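Here's target-v4.txt, which has compact mmCIF, C-alpha atoms:
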```txt
# COMPACT_ATOMS: atom_id res chain seq x y z
CA MET V 1 10.01 -23.35 -150.11
CA MET V 2 11.88 -20.61 -148.33
CA HIS V 3 15.49 -19.67 -147.76
CA ARG V 4 16.47 -19.93 -144.09
CA ARG V 5 18.41 -16.68 -143.94
CA ASP V 6 15.39 -14.75 -145.33
CA VAL V 7 13.11 -16.38 -142.76
CA VAL V 8 15.36 -15.63 -139.78
CA ARG V 9 16.06 -12.09 -141.00
CA ARG V 10 12.30 -11.49 -141.20
CA LEU V 11 11.71 -12.92 -137.70
CA LEU V 12 14.43 -10.73 -136.17
CA GLU V 13 13.62 -7.53 -138.09
CA ASP V 14 12.91 -4.59 -135.74
CA ARG V 15 13.53 -6.92 -132.83
CA ASP V 16 13.30 -4.19 -130.15
CA GLY V 17 13.62 -5.84 -126.74
CA LEU V 18 13.32 -9.40 -128.02
CA LEU V 19 15.52 -11.92 -126.18
CA VAL V 20 16.87 -14.62 -128.52
CA VAL V 21 18.37 -18.05 -127.88
CA ALA V 22 19.92 -19.54 -131.04
CA GLY V 23 20.41 -23.29 -131.32
CA LEU V 24 23.81 -24.55 -132.32
CA GLY V 25 24.89 -24.71 -135.96
CA SER V 26 23.03 -23.15 -138.85
CA THR V 27 20.42 -21.31 -136.77
CA ALA V 28 23.18 -19.58 -134.79
CA TRP V 29 24.79 -18.56 -138.08
CA ASP V 30 21.39 -17.39 -139.41
CA CYS V 31 20.84 -15.19 -136.35
CA THR V 32 24.33 -13.73 -136.73
CA ALA V 33 23.77 -13.08 -140.44
CA ALA V 34 20.60 -11.17 -139.45
CA GLY V 35 22.73 -8.99 -137.14
CA ASP V 36 24.72 -10.00 -134.07
CA SER V 37 23.24 -8.66 -130.84
CA PRO V 38 24.23 -8.91 -127.17
CA LEU V 39 20.62 -10.01 -126.54
CA THR V 40 21.15 -13.13 -128.65
CA PHE V 41 22.66 -16.09 -126.83
CA PRO V 42 24.03 -18.34 -129.59
CA LEU V 43 24.94 -21.90 -128.67
CA TRP V 44 28.09 -23.61 -129.87
CA GLY V 45 27.25 -26.83 -128.02
CA ALA V 46 24.70 -28.23 -125.54
CA MET V 47 22.65 -29.68 -128.38
CA GLY V 48 19.03 -30.18 -127.36
CA LEU V 49 19.00 -27.46 -124.69
CA ALA V 50 17.98 -24.35 -126.67
CA ALA V 51 14.30 -24.68 -125.71
CA THR V 52 14.95 -25.14 -121.98
CA ILE V 53 17.40 -22.22 -121.94
CA GLY V 54 14.53 -20.26 -123.47
CA LEU V 55 12.21 -21.57 -120.75
CA GLY V 56 14.55 -20.48 -117.93
CA LEU V 57 14.92 -17.07 -119.52
CA ALA V 58 11.17 -16.69 -120.05
CA LEU V 59 10.44 -17.56 -116.41
CA ALA V 60 13.12 -15.13 -115.21
CA GLN V 61 11.92 -12.29 -117.47
CA PRO V 62 8.12 -12.63 -117.70
CA ALA V 63 7.70 -9.12 -119.12
CA ARG V 64 10.03 -9.77 -122.08
CA ARG V 65 9.35 -11.82 -125.21
CA VAL V 66 11.74 -14.76 -125.59
CA LEU V 67 12.30 -16.35 -129.01
CA VAL V 68 14.20 -19.59 -129.44
CA VAL V 69 15.46 -20.01 -133.00
CA THR V 70 16.66 -23.54 -133.54
CA GLY V 71 16.98 -26.33 -136.07
CA ASP V 72 14.98 -29.52 -136.51
CA GLY V 73 17.88 -31.73 -135.41
CA GLU V 74 18.50 -29.65 -132.28
CA MET V 75 14.79 -29.65 -131.40
CA LEU V 76 14.55 -33.41 -131.89
CA MET V 77 17.35 -33.93 -129.37
CA GLY V 78 15.34 -32.00 -126.78
CA LEU V 79 11.86 -33.28 -127.60
CA GLY V 80 11.03 -33.81 -123.91
CA SER V 81 11.56 -30.11 -123.27
CA LEU V 82 8.39 -29.39 -125.27
CA ALA V 83 6.49 -31.39 -122.65
CA THR V 84 8.26 -29.52 -119.84
CA ILE V 85 7.35 -26.18 -121.47
CA GLY V 86 3.79 -27.37 -122.00
CA VAL V 87 3.46 -27.92 -118.25
CA GLN V 88 4.85 -24.45 -117.35
CA ARG V 89 2.94 -22.62 -120.10
CA PRO V 90 5.08 -19.44 -120.17
CA GLY V 91 3.03 -16.82 -122.04
CA ASN V 92 6.16 -15.04 -123.32
CA LEU V 93 8.01 -18.01 -124.88
CA ALA V 94 8.08 -18.74 -128.61
CA ILE V 95 10.05 -21.34 -130.54
CA ALA V 96 10.88 -21.11 -134.25
CA VAL V 97 12.13 -24.38 -135.69
CA ILE V 98 13.96 -23.70 -138.95
CA ASP V 99 13.38 -27.09 -140.53
CA ASN V 100 15.59 -28.10 -143.47
CA GLU V 101 15.08 -31.81 -142.65
CA ARG V 102 18.86 -32.17 -142.42
CA TYR V 103 21.78 -32.24 -139.98
CA GLY V 104 23.47 -29.32 -141.68
CA GLU V 105 26.81 -29.29 -139.88
CA THR V 106 27.63 -32.97 -140.24
CA GLY V 107 27.04 -33.73 -143.91
CA MET V 108 23.35 -32.97 -144.53
CA GLN V 109 22.07 -36.34 -143.32
CA ALA V 110 18.26 -36.60 -143.07
CA THR V 111 16.60 -35.86 -139.71
CA HIS V 112 13.36 -37.46 -138.49
CA THR V 113 11.35 -34.55 -139.94
CA ALA V 114 12.40 -35.71 -143.44
CA SER V 115 10.37 -38.85 -142.73
CA GLY V 116 7.32 -36.91 -141.62
CA VAL V 117 7.82 -36.37 -137.90
CA GLU V 118 5.89 -33.15 -137.26
CA LEU V 119 7.29 -31.00 -134.47
CA ALA V 120 4.32 -28.61 -134.55
CA GLY V 121 2.07 -31.59 -133.86
CA VAL V 122 4.27 -32.66 -130.96
CA ALA V 123 4.08 -29.12 -129.52
CA ARG V 124 0.28 -29.17 -129.80
CA GLY V 125 0.20 -32.54 -128.06
CA CYS V 126 2.35 -31.07 -125.28
CA GLY V 127 -0.17 -28.32 -124.57
CA PHE V 128 1.34 -25.38 -126.45
CA ALA V 129 -1.17 -22.55 -126.89
CA LYS V 130 -0.67 -22.74 -130.66
CA ALA V 131 1.72 -24.40 -133.10
CA LEU V 132 1.97 -23.93 -136.86
CA LEU V 133 3.57 -25.92 -139.64
CA VAL V 134 4.61 -23.43 -142.32
CA THR V 135 5.57 -24.74 -145.75
CA GLU V 136 4.89 -21.75 -148.02
CA GLU V 137 6.15 -18.19 -147.97
CA ALA V 138 2.54 -17.03 -147.73
CA GLY V 139 2.44 -18.39 -144.18
CA LEU V 140 5.52 -16.56 -142.94
CA GLU V 141 3.75 -13.38 -141.80
CA GLU V 142 1.25 -15.42 -139.78
CA ALA V 143 4.17 -17.31 -138.22
CA ARG V 144 5.92 -14.02 -137.40
CA ARG V 145 2.79 -12.69 -135.72
CA LEU V 146 2.40 -15.90 -133.75
CA LEU V 147 6.03 -15.95 -132.62
CA LEU V 148 6.28 -12.29 -131.66
CA ARG V 149 2.79 -11.33 -130.48
CA GLU V 150 0.47 -14.18 -129.52
CA PRO V 151 0.23 -15.67 -126.01
CA GLY V 152 2.72 -18.49 -125.56
CA PRO V 153 3.98 -20.99 -125.46
CA VAL V 154 3.89 -21.08 -129.25
CA LEU V 155 5.93 -22.89 -131.89
CA ALA V 156 6.29 -22.48 -135.63
CA GLN V 157 7.96 -25.23 -137.63
CA ILE V 158 9.10 -23.48 -140.80
CA LYS V 159 10.20 -25.61 -143.74
CA VAL V 160 13.24 -24.25 -145.57
CA ILE V 161 15.38 -25.34 -148.51
CA PRO V 162 18.39 -27.45 -147.51
CA GLU V 163 21.32 -25.31 -148.60
CA LYS V 164 24.94 -24.78 -147.66
CA LEU V 165 25.56 -21.10 -146.96
CA PRO V 166 28.58 -18.97 -146.12
CA LEU V 167 29.30 -19.11 -142.38
CA ALA V 168 28.32 -16.08 -140.30
CA LEU V 169 29.89 -16.83 -136.95
CA PRO V 170 28.98 -15.15 -133.65
CA PRO V 171 31.64 -14.73 -130.95
CA LYS V 172 32.78 -18.16 -129.78
CA GLU V 173 33.79 -17.46 -126.19
CA GLY V 174 31.11 -18.67 -123.75
CA VAL V 175 31.88 -16.31 -120.89
CA LEU V 176 31.74 -13.34 -123.25
CA LEU V 177 28.38 -14.45 -124.69
CA LYS V 178 26.90 -14.94 -121.22
CA ASP V 179 28.27 -11.72 -119.75
CA ARG V 180 27.35 -9.48 -122.67
CA PHE V 181 23.78 -10.84 -122.57
CA ARG V 182 23.45 -10.18 -118.83
CA ARG V 183 25.02 -6.75 -119.12
CA ALA V 184 22.69 -5.73 -121.95
CA LEU V 185 19.63 -7.10 -120.15
CA LEU V 186 20.38 -6.48 -116.48
CA GLY V 187 23.16 -3.92 -116.53
CA ALA V 188 25.40 -6.31 -114.60
CA ALA V 189 28.10 -8.82 -115.54
CA MET X 1 15.15 -35.79 -85.64
CA ILE X 2 16.72 -33.34 -88.07
CA ASP X 3 14.42 -32.13 -90.84
CA TRP X 4 17.05 -31.89 -93.59
CA PRO X 5 14.59 -31.16 -96.42
CA LEU X 6 13.26 -28.15 -94.46
CA GLU X 7 16.78 -26.96 -93.63
CA THR X 8 17.75 -27.36 -97.30
CA PHE X 9 14.66 -25.45 -98.37
CA GLN X 10 15.48 -22.64 -95.93
CA ALA X 11 19.07 -22.51 -97.19
CA MET X 12 17.79 -22.24 -100.77
CA ARG X 13 15.39 -19.44 -99.83
CA LYS X 14 18.14 -17.59 -97.98
CA ALA X 15 20.34 -17.91 -101.08
CA LYS X 16 17.56 -16.21 -103.11
CA VAL X 17 16.89 -19.21 -105.32
CA GLY X 18 13.89 -18.37 -107.53
CA VAL X 19 13.61 -21.41 -109.81
CA VAL X 20 13.93 -25.07 -108.84
CA GLY X 21 14.15 -27.74 -111.52
CA TYR X 22 13.66 -31.36 -110.56
CA VAL X 23 13.05 -34.86 -111.74
CA PRO X 24 10.85 -36.57 -109.14
CA ASP X 25 12.81 -38.64 -106.66
CA ALA X 26 11.72 -40.35 -103.44
CA GLY X 27 14.64 -38.86 -101.51
CA HIS X 28 13.69 -35.35 -102.58
CA GLN X 29 9.94 -35.83 -102.12
CA ARG X 30 9.49 -33.52 -99.12
CA LEU X 31 11.81 -30.85 -100.51
CA ILE X 32 9.88 -30.87 -103.81
CA GLU X 33 6.60 -30.44 -101.88
CA LEU X 34 8.09 -27.52 -99.93
CA CYS X 35 9.19 -25.88 -103.20
CA HIS X 36 5.72 -26.25 -104.72
CA SER X 37 4.13 -24.74 -101.60
CA GLU X 38 6.24 -21.56 -101.81
CA ARG X 39 4.59 -18.90 -103.96
CA ASN X 40 7.81 -17.01 -104.62
CA LEU X 41 9.53 -20.09 -105.99
CA ARG X 42 8.91 -21.62 -109.40
CA ALA X 43 9.18 -25.41 -109.19
CA VAL X 44 9.66 -26.92 -112.66
CA VAL X 45 9.23 -30.63 -113.24
CA LEU X 46 11.60 -31.86 -115.95
CA SER X 47 11.32 -34.82 -118.30
CA THR X 48 15.06 -35.46 -117.97
CA GLU X 49 17.73 -33.90 -115.77
CA GLU X 50 19.73 -32.26 -118.56
CA GLU X 51 16.79 -29.94 -119.19
CA GLY X 52 17.52 -28.56 -115.74
CA ILE X 53 20.95 -27.40 -116.86
CA GLY X 54 19.32 -25.42 -119.69
CA LEU X 55 16.67 -24.10 -117.29
CA ALA X 56 19.34 -22.92 -114.83
CA ALA X 57 21.45 -21.32 -117.57
CA GLY X 58 18.44 -19.50 -119.05
CA ALA X 59 17.27 -18.31 -115.63
CA TRP X 60 20.75 -16.93 -114.92
CA LEU X 61 20.81 -15.11 -118.25
CA GLY X 62 17.59 -13.51 -117.04
CA GLY X 63 19.01 -12.66 -113.62
CA VAL X 64 17.41 -15.39 -111.50
CA ARG X 65 19.16 -17.98 -109.32
CA SER X 66 18.14 -21.61 -109.44
CA ALA X 67 18.76 -25.01 -107.90
CA LEU X 68 18.43 -28.48 -109.42
CA LEU X 69 17.24 -31.55 -107.53
CA MET X 70 17.98 -35.00 -108.87
CA GLN X 71 19.22 -38.41 -107.87
CA SER X 72 22.65 -39.72 -108.82
CA SER X 73 21.38 -41.50 -111.93
CA GLY X 74 20.33 -38.08 -113.25
CA VAL X 75 23.89 -36.78 -113.08
CA GLY X 76 24.68 -39.15 -115.92
CA ASN X 77 21.97 -37.49 -118.01
CA CYS X 78 23.60 -34.07 -117.58
CA VAL X 79 27.14 -34.72 -118.78
CA ASN X 80 27.29 -32.92 -122.15
CA ALA X 81 25.17 -30.05 -120.81
CA LEU X 82 27.72 -29.55 -118.03
CA GLY X 83 30.24 -28.75 -120.76
CA MET X 84 28.25 -25.58 -121.49
CA VAL X 85 28.24 -24.68 -117.79
CA ARG X 86 32.03 -24.94 -117.72
CA GLU X 87 32.66 -23.12 -121.00
CA CYS X 88 30.35 -20.22 -120.10
CA ARG X 89 31.10 -20.28 -116.35
CA PHE X 90 27.43 -20.46 -115.44
CA PRO X 91 26.72 -20.70 -111.71
CA LEU X 92 25.07 -24.02 -110.86
CA LEU X 93 23.69 -25.52 -107.65
CA MET X 94 22.82 -29.21 -107.77
CA ILE X 95 21.44 -31.20 -104.83
CA VAL X 96 21.89 -34.88 -105.60
CA THR X 97 20.40 -37.71 -103.55
CA MET X 98 22.75 -40.66 -103.82
CA ARG X 99 21.75 -44.15 -104.84
CA GLY X 100 23.90 -47.22 -105.13
CA GLU X 101 25.47 -46.72 -101.72
CA GLU X 102 25.01 -48.38 -98.31
CA GLY X 103 21.57 -49.96 -98.10
CA GLU X 104 20.87 -49.94 -101.85
CA PHE X 105 18.33 -52.55 -102.89
CA ASN X 106 18.62 -52.14 -106.66
CA PRO X 107 21.96 -53.26 -108.13
CA TRP X 108 21.29 -51.28 -111.34
CA GLN X 109 21.71 -48.09 -109.31
CA VAL X 110 25.22 -49.04 -108.18
CA PRO X 111 27.34 -48.22 -111.26
CA MET X 112 26.08 -44.65 -111.70
CA GLY X 113 26.14 -44.05 -107.95
CA LEU X 114 29.75 -45.18 -107.88
CA GLY X 115 30.61 -43.01 -110.87
CA THR X 116 28.79 -39.84 -109.79
CA PRO X 117 31.67 -38.01 -108.04
CA ALA X 118 34.09 -38.83 -110.88
CA VAL X 119 31.61 -37.75 -113.57
CA LEU X 120 31.03 -34.42 -111.82
CA ALA X 121 34.77 -33.93 -111.28
CA ALA X 122 35.43 -34.66 -114.97
CA LEU X 123 33.27 -31.65 -115.88
CA ALA X 124 34.85 -29.48 -113.16
CA VAL X 125 31.80 -29.46 -110.86
CA ILE X 126 32.85 -28.92 -107.21
CA VAL X 127 31.50 -31.72 -105.01
CA HIS X 128 30.43 -31.39 -101.38
CA ARG X 129 29.24 -34.48 -99.53
CA ALA X 130 26.69 -34.60 -96.75
CA ASP X 131 26.90 -37.92 -94.88
CA ALA X 132 24.49 -37.09 -92.06
CA ALA X 133 21.12 -35.33 -91.98
CA ALA X 134 22.56 -32.47 -89.90
CA GLU X 135 25.14 -31.77 -92.59
CA VAL X 136 22.78 -31.30 -95.53
CA GLY X 137 21.33 -27.83 -94.84
CA PRO X 138 24.72 -26.26 -93.98
CA ALA X 139 26.33 -27.95 -97.01
CA VAL X 140 23.65 -26.51 -99.31
CA ALA X 141 24.11 -23.05 -97.78
CA LYS X 142 27.86 -23.20 -98.40
CA ALA X 143 27.41 -24.61 -101.90
CA ALA X 144 24.96 -21.83 -102.81
CA GLN X 145 27.40 -19.21 -101.54
CA LEU X 146 30.18 -20.73 -103.62
CA ALA X 147 28.01 -21.15 -106.74
CA TYR X 148 26.55 -17.65 -106.77
CA GLY X 149 29.50 -15.88 -105.19
CA GLY X 150 31.77 -17.35 -107.86
CA PRO X 151 30.33 -18.18 -110.30
CA ALA X 152 31.00 -21.88 -109.81
CA ALA X 153 29.24 -25.16 -110.45
CA VAL X 154 28.68 -27.00 -107.17
CA ALA X 155 26.92 -30.26 -106.33
CA VAL X 156 25.92 -31.42 -102.85
CA LEU X 157 25.75 -35.20 -102.69
CA VAL X 158 23.30 -36.38 -100.01
CA SER X 159 24.46 -39.86 -99.03
CA GLN X 160 22.05 -42.76 -99.21
CA PRO X 161 21.91 -43.49 -95.46
CA VAL X 162 20.49 -39.96 -94.98
CA ILE X 163 17.68 -40.82 -97.41
CA GLY X 164 17.29 -44.20 -95.75
CA ILE X 165 15.12 -46.01 -98.32
CA LYS X 166 15.82 -49.71 -98.16
CA SER X 167 13.31 -51.43 -100.46
CA PHE X 168 10.88 -50.92 -103.32
CA GLN X 169 8.03 -51.54 -100.87
CA GLU X 170 9.29 -48.76 -98.63
CA GLN X 171 9.77 -46.42 -101.56
CA ALA X 172 6.29 -47.15 -102.92
CA SER X 173 4.63 -46.56 -99.56
CA GLN X 174 6.34 -43.17 -98.94
```
Any chance you could give the structure as structure tokens?
Amino acid sequence: MMHRRDVVRRLLEDRDGLLVVAGLGSTAWDCTAAGDSPLTFPLWGAMGLAATIGLGLALAQPARRVLVVTGDGEMLMGLGSLATIGVQRPGNLAIAVIDNERYGETGMQATHTASGVELAGVARGCGFAKALLVTEEAGLEEARRLLLREPGPVLAQIKVIPEKLPLALPPKEGVLLKDRFRRALLGAA
Amino acid sequence: MIDWPLETFQAMRKAKVGVVGYVPDAGHQRLIELCHSERNLRAVVLSTEEEGIGLAAGAWLGGVRSALLMQSSGVGNCVNALGMVRECRFPLLMIVTMRGEEGEFNPWQVPMGLGTPAVLAALAVIVHRADAAAEVGPAVAKAAQLAYGGPAAVAVLVSQPVIGIKSFQEQASQ
């Protein structure tokens, strides 16, 4: 089993022009711990929307790779968005589900994935080009390649150890997060 | 007779809308078809309306304007997502066909129809109403200007008599 911060750090290493949407809670903290960037849009709310924000961004910027980094609980709340993405088939969209089988911010209660619900299988059923379930560290490099290089839409569900970690908080102000992203990407506010 | 879906479509094109998210709705049927027929427009069918809020936010982060088409019941599915729109000041253009108003045949549509303006107002979405077919296109043009000139979140409510569906039979045979 892997540590979530190591996984996210590896995914975001040498990120170049990668555009990142981080789901609320632990995955937003993980992305910040890996290095805050104006080209990361971290969510502090809107649970369940990370994947569709990624879809909108991927359609708007077809030449750029878009990576959604989110948790199992957040992905479960937006399960229908996998079907919506499967219909659009954006070749530049990748989703990494950092799956600790827990709702980390609310007391570590079990999510559906703790009872065997497989998000990679759902993504395959929705028409994703490829989806992987990664349970061992040996599979991480393959997942990284899939998420950063292979034709999308792709999803990797990466099992991690449930652990409480020091907070690494991104800026909280929504207007700032939106405007800094647009300025870095488009050169406009 | 005024072709309000065509006028709405033209207003959206003039406002440089590039992505349209929708949940299928009888009232929006012709407008949805027009969107799919336009090569420079990406029409995205959603499994629930709140996905459209994410779609619009993501498109705006990437520099593209969007519009969302839904019926009034769908507004209820968007509520928490609208909190993000307000906090981040995302521009938003919603075109909502009203149910539960004059001529409604399904009583289950009435409560959400009745609550739609108040729900939008609670999340600080500016509401414009179009009560006649001739008003819809101009209302959408003004709403788009406000949304993308702002940024602001704006919804145009197209009243049920404009849609004019009176029964399940009529809806099914459209």
Check: Taking all atoms listed in the file into account, which of X:Gly113, X:Gly137, X:Gly149, X:Gly74 comes nearest X:Phe90?
Finding: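 Looking at the shortest contact to X:Phe90, the residue is X:Gly149.
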Check: Taking all atoms listed in the file into account, which of V:Thr52, V:Ser37, V:Thr27, V:Thr113 comes nearest chain X?
Finding: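 Closest to chain X, using all atoms listed in the file: V:Thr52.
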Next item on the list: Could you jot down the atom CA of X:Ala133 to atom CA of X:Gly164 separation for me, Å, one decimal place?
Entry: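 Atom-to-atom, atom CA of X:Ala133 and atom CA of X:Gly164 are spaced 10.4 Å apart.
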Next item on the list: Fewer than 6 positions away in the same chain doesn't count, so skip those; otherwise give me all residues within 12 Å of X:Pro111, counting all atoms listed in the file, as a PyMOL selection string.
Entry: chain X and resi 72-73+76+98-101+104+117-119
Margin query: Using all atoms listed in the file, which protein or nucleic acid residues come within 9 Å of X:Lys16? Drop anything in the same chain fewer than 2 positions from it, and give the result as a list of chain:residue names.
Written below: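 Returned residues: X:Ala11, X:Met12, X:Arg13, X:Lys14, X:Gly18, X:Val64, X:Arg65, X:Ser66.
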Compile the residues of chain V that lie within 6 Å of chain X, evaluated using only C-alpha atoms, and express the compilation as a PDB file with C-alpha atoms, in the coordinates of the input.
```pdb
ATOM      1  CA  ALA V  46      24.700 -28.230-125.540  1.00  0.00           C
ATOM      2  CA  LEU V  49      19.000 -27.460-124.690  1.00  0.00           C
ATOM      3  CA  THR V  52      14.950 -25.140-121.980  1.00  0.00           C
ATOM      4  CA  ILE V  53      17.400 -22.220-121.940  1.00  0.00           C
ATOM      5  CA  GLY V  54      14.530 -20.260-123.470  1.00  0.00           C
ATOM      6  CA  GLY V  56      14.550 -20.480-117.930  1.00  0.00           C
ATOM      7  CA  LEU V  57      14.920 -17.070-119.520  1.00  0.00           C
ATOM      8  CA  ALA V  60      13.120 -15.130-115.210  1.00  0.00           C
ATOM      9  CA  GLN V  61      11.920 -12.290-117.470  1.00  0.00           C
ATOM     10  CA  GLY V  80      11.030 -33.810-123.910  1.00  0.00           C
ATOM     11  CA  THR V  84       8.260 -29.520-119.840  1.00  0.00           C
ATOM     12  CA  GLY V 174      31.110 -18.670-123.750  1.00  0.00           C
ATOM     13  CA  VAL V 175      31.880 -16.310-120.890  1.00  0.00           C
ATOM     14  CA  ARG V 182      23.450 -10.180-118.830  1.00  0.00           C
TER      15      ARG V 182
END
```
Item checked: Spatial neighbours of stretch 72-77 of chain V, 7 Å, all atoms listed in the file, chain gap at least 3 places, as a ChimeraX atom specification -> /V:23,47-48,97-99,101,103,111
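Within 10 Å of the point (12.2, -6.6, -128.3), and counting all atoms listed in the file, the protein, DNA and RNA residues are Leu12, Glu13, Asp14, Arg15, Asp16, Gly17, Leu18, Leu19, Val20, Leu39, Arg64, Arg65, Val66, Leu67 and Leu148 of chain V.
The closest residue to V:Met108, picked from V:Gly152, V:Gly78, V:Pro162, V:Gly127 and counting only C-alpha atoms, is V:Pro162.
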Note to self: Taking 2 positions as the minimum chain separation for residues in the same chain, which residues sit within 9 Å of stretch 163-173 of chain V when counting only C-alpha atoms? Answer as a VMD selection string.
What the structure shows: (chain V and resid 3 to 5 26 28 to 33 36 42 to 44 100 104 108 160 to 161 175 to 178) or (chain X and resid 87 to 88)
Using only C-alpha atoms, please write the residues we just selected to a file, as an mmCIF file, in the coordinates of the input.
```
data_model
loop_
_atom_site.group_PDB
_atom_site.id
_atom_site.type_symbol
_atom_site.label_atom_id
_atom_site.label_comp_id
_atom_site.auth_asym_id
_atom_site.auth_seq_id
_atom_site.Cartn_x
_atom_site.Cartn_y
_atom_site.Cartn_z
ATOM 1 C CA HIS V 3 15.490 -19.670 -147.760
ATOM 2 C CA ARG V 4 16.470 -19.930 -144.090
ATOM 3 C CA ARG V 5 18.410 -16.680 -143.940
ATOM 4 C CA SER V 26 23.030 -23.150 -138.850
ATOM 5 C CA ALA V 28 23.180 -19.580 -134.790
ATOM 6 C CA TRP V 29 24.790 -18.560 -138.080
ATOM 7 C CA ASP V 30 21.390 -17.390 -139.410
ATOM 8 C CA CYS V 31 20.840 -15.190 -136.350
ATOM 9 C CA THR V 32 24.330 -13.730 -136.730
ATOM 10 C CA ALA V 33 23.770 -13.080 -140.440
ATOM 11 C CA ASP V 36 24.720 -10.000 -134.070
ATOM 12 C CA PRO V 42 24.030 -18.340 -129.590
ATOM 13 C CA LEU V 43 24.940 -21.900 -128.670
ATOM 14 C CA TRP V 44 28.090 -23.610 -129.870
ATOM 15 C CA ASN V 100 15.590 -28.100 -143.470
ATOM 16 C CA GLY V 104 23.470 -29.320 -141.680
ATOM 17 C CA MET V 108 23.350 -32.970 -144.530
ATOM 18 C CA VAL V 160 13.240 -24.250 -145.570
ATOM 19 C CA ILE V 161 15.380 -25.340 -148.510
ATOM 20 C CA VAL V 175 31.880 -16.310 -120.890
ATOM 21 C CA LEU V 176 31.740 -13.340 -123.250
ATOM 22 C CA LEU V 177 28.380 -14.450 -124.690
ATOM 23 C CA LYS V 178 26.900 -14.940 -121.220
ATOM 24 C CA GLU X 87 32.660 -23.120 -121.000
ATOM 25 C CA CYS X 88 30.350 -20.220 -120.100
#
```
Item checked: Coordinates-based distance that separates atom CA of X:Ser167 from atom CA of X:Asp3 (Å, one decimal) ->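 It comes out at 21.6 Å.
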Note to self: Could you check the closest approach to X:Gln160 for each of X:Glu38, X:Asp25, X:Glu102, X:Glu135 and tell me which residue wins, using all atoms listed in the file?
What the structure shows: X:Glu102
Check: In terms of the shortest atom-to-atom distance over only C-alpha atoms, which of X:Asn106, X:Met94, X:Val140, X:Ala132 is closest to X:Val154?
Finding: X:Met94
Margin query: Just to confirm, what's the straight-line distance from atom CA of V:Ala114 to atom CA of V:Glu136 in Å (one decimal)?
Written below: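 Atom CA of V:Ala114 sits 16.5 Å away from atom CA of V:Glu136.
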Note to self: Restricting the calculation to all atoms listed in the file: of X:His128, X:His36, X:Lys142, X:His28, which residue gets closest to X:Ile163?
What the structure shows: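 Comparing X:His128, X:His36, X:Lys142, X:His28 against X:Ile163, the winner is X:His28.
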Extending 6 Å beyond the listed atoms of stretch 140-156 of chain V on each side, what axis-aligned box results? I want centre and edge lengths in Å to one decimal, as JSON.
```
{"center_x": 3.3, "center_y": -17.1, "center_z": -134.2, "size_x": 18.1, "size_y": 23.6, "size_z": 29.5}
```
Since fewer atoms than expected are present, regenerate N, CA and C atoms for stretch 145-156 of chain X and write them as a CSV table (one decimal), keeping the file's coordinate frame.
```
chain,number,residue,atom,x,y,z
X,145,GLN,N,26.5,-20.4,-101.7
X,145,GLN,CA,27.4,-19.2,-101.5
X,145,GLN,C,28.5,-19.3,-102.6
X,146,LEU,N,29.1,-20.5,-102.7
X,146,LEU,CA,30.2,-20.7,-103.6
X,146,LEU,C,29.7,-20.6,-105.1
X,147,ALA,N,28.5,-21.2,-105.4
X,147,ALA,CA,28.0,-21.2,-106.7
X,147,ALA,C,27.7,-19.7,-107.2
X,148,TYR,N,27.0,-19.0,-106.3
X,148,TYR,CA,26.6,-17.6,-106.8
X,148,TYR,C,27.5,-16.5,-106.4
X,149,GLY,N,28.4,-16.8,-105.5
X,149,GLY,CA,29.5,-15.9,-105.2
X,149,GLY,C,30.6,-16.0,-106.2
X,150,GLY,N,30.7,-17.0,-106.9
X,150,GLY,CA,31.8,-17.4,-107.9
X,150,GLY,C,31.7,-16.6,-109.1
X,151,PRO,N,31.2,-17.0,-110.2
X,151,PRO,CA,30.3,-18.2,-110.3
X,151,PRO,C,31.1,-19.5,-110.3
X,152,ALA,N,30.4,-20.5,-109.8
X,152,ALA,CA,31.0,-21.9,-109.8
X,152,ALA,C,29.9,-22.9,-109.9
X,153,ALA,N,30.2,-24.1,-110.4
X,153,ALA,CA,29.2,-25.2,-110.4
X,153,ALA,C,29.5,-26.1,-109.3
X,154,VAL,N,28.5,-26.3,-108.4
X,154,VAL,CA,28.7,-27.0,-107.2
X,154,VAL,C,27.5,-28.0,-107.0
X,155,ALA,N,27.9,-29.2,-106.6
X,155,ALA,CA,26.9,-30.3,-106.3
X,155,ALA,C,27.1,-30.7,-104.9
X,156,VAL,N,25.9,-30.8,-104.2
X,156,VAL,CA,25.9,-31.4,-102.8
X,156,VAL,C,25.4,-32.8,-103.0
```
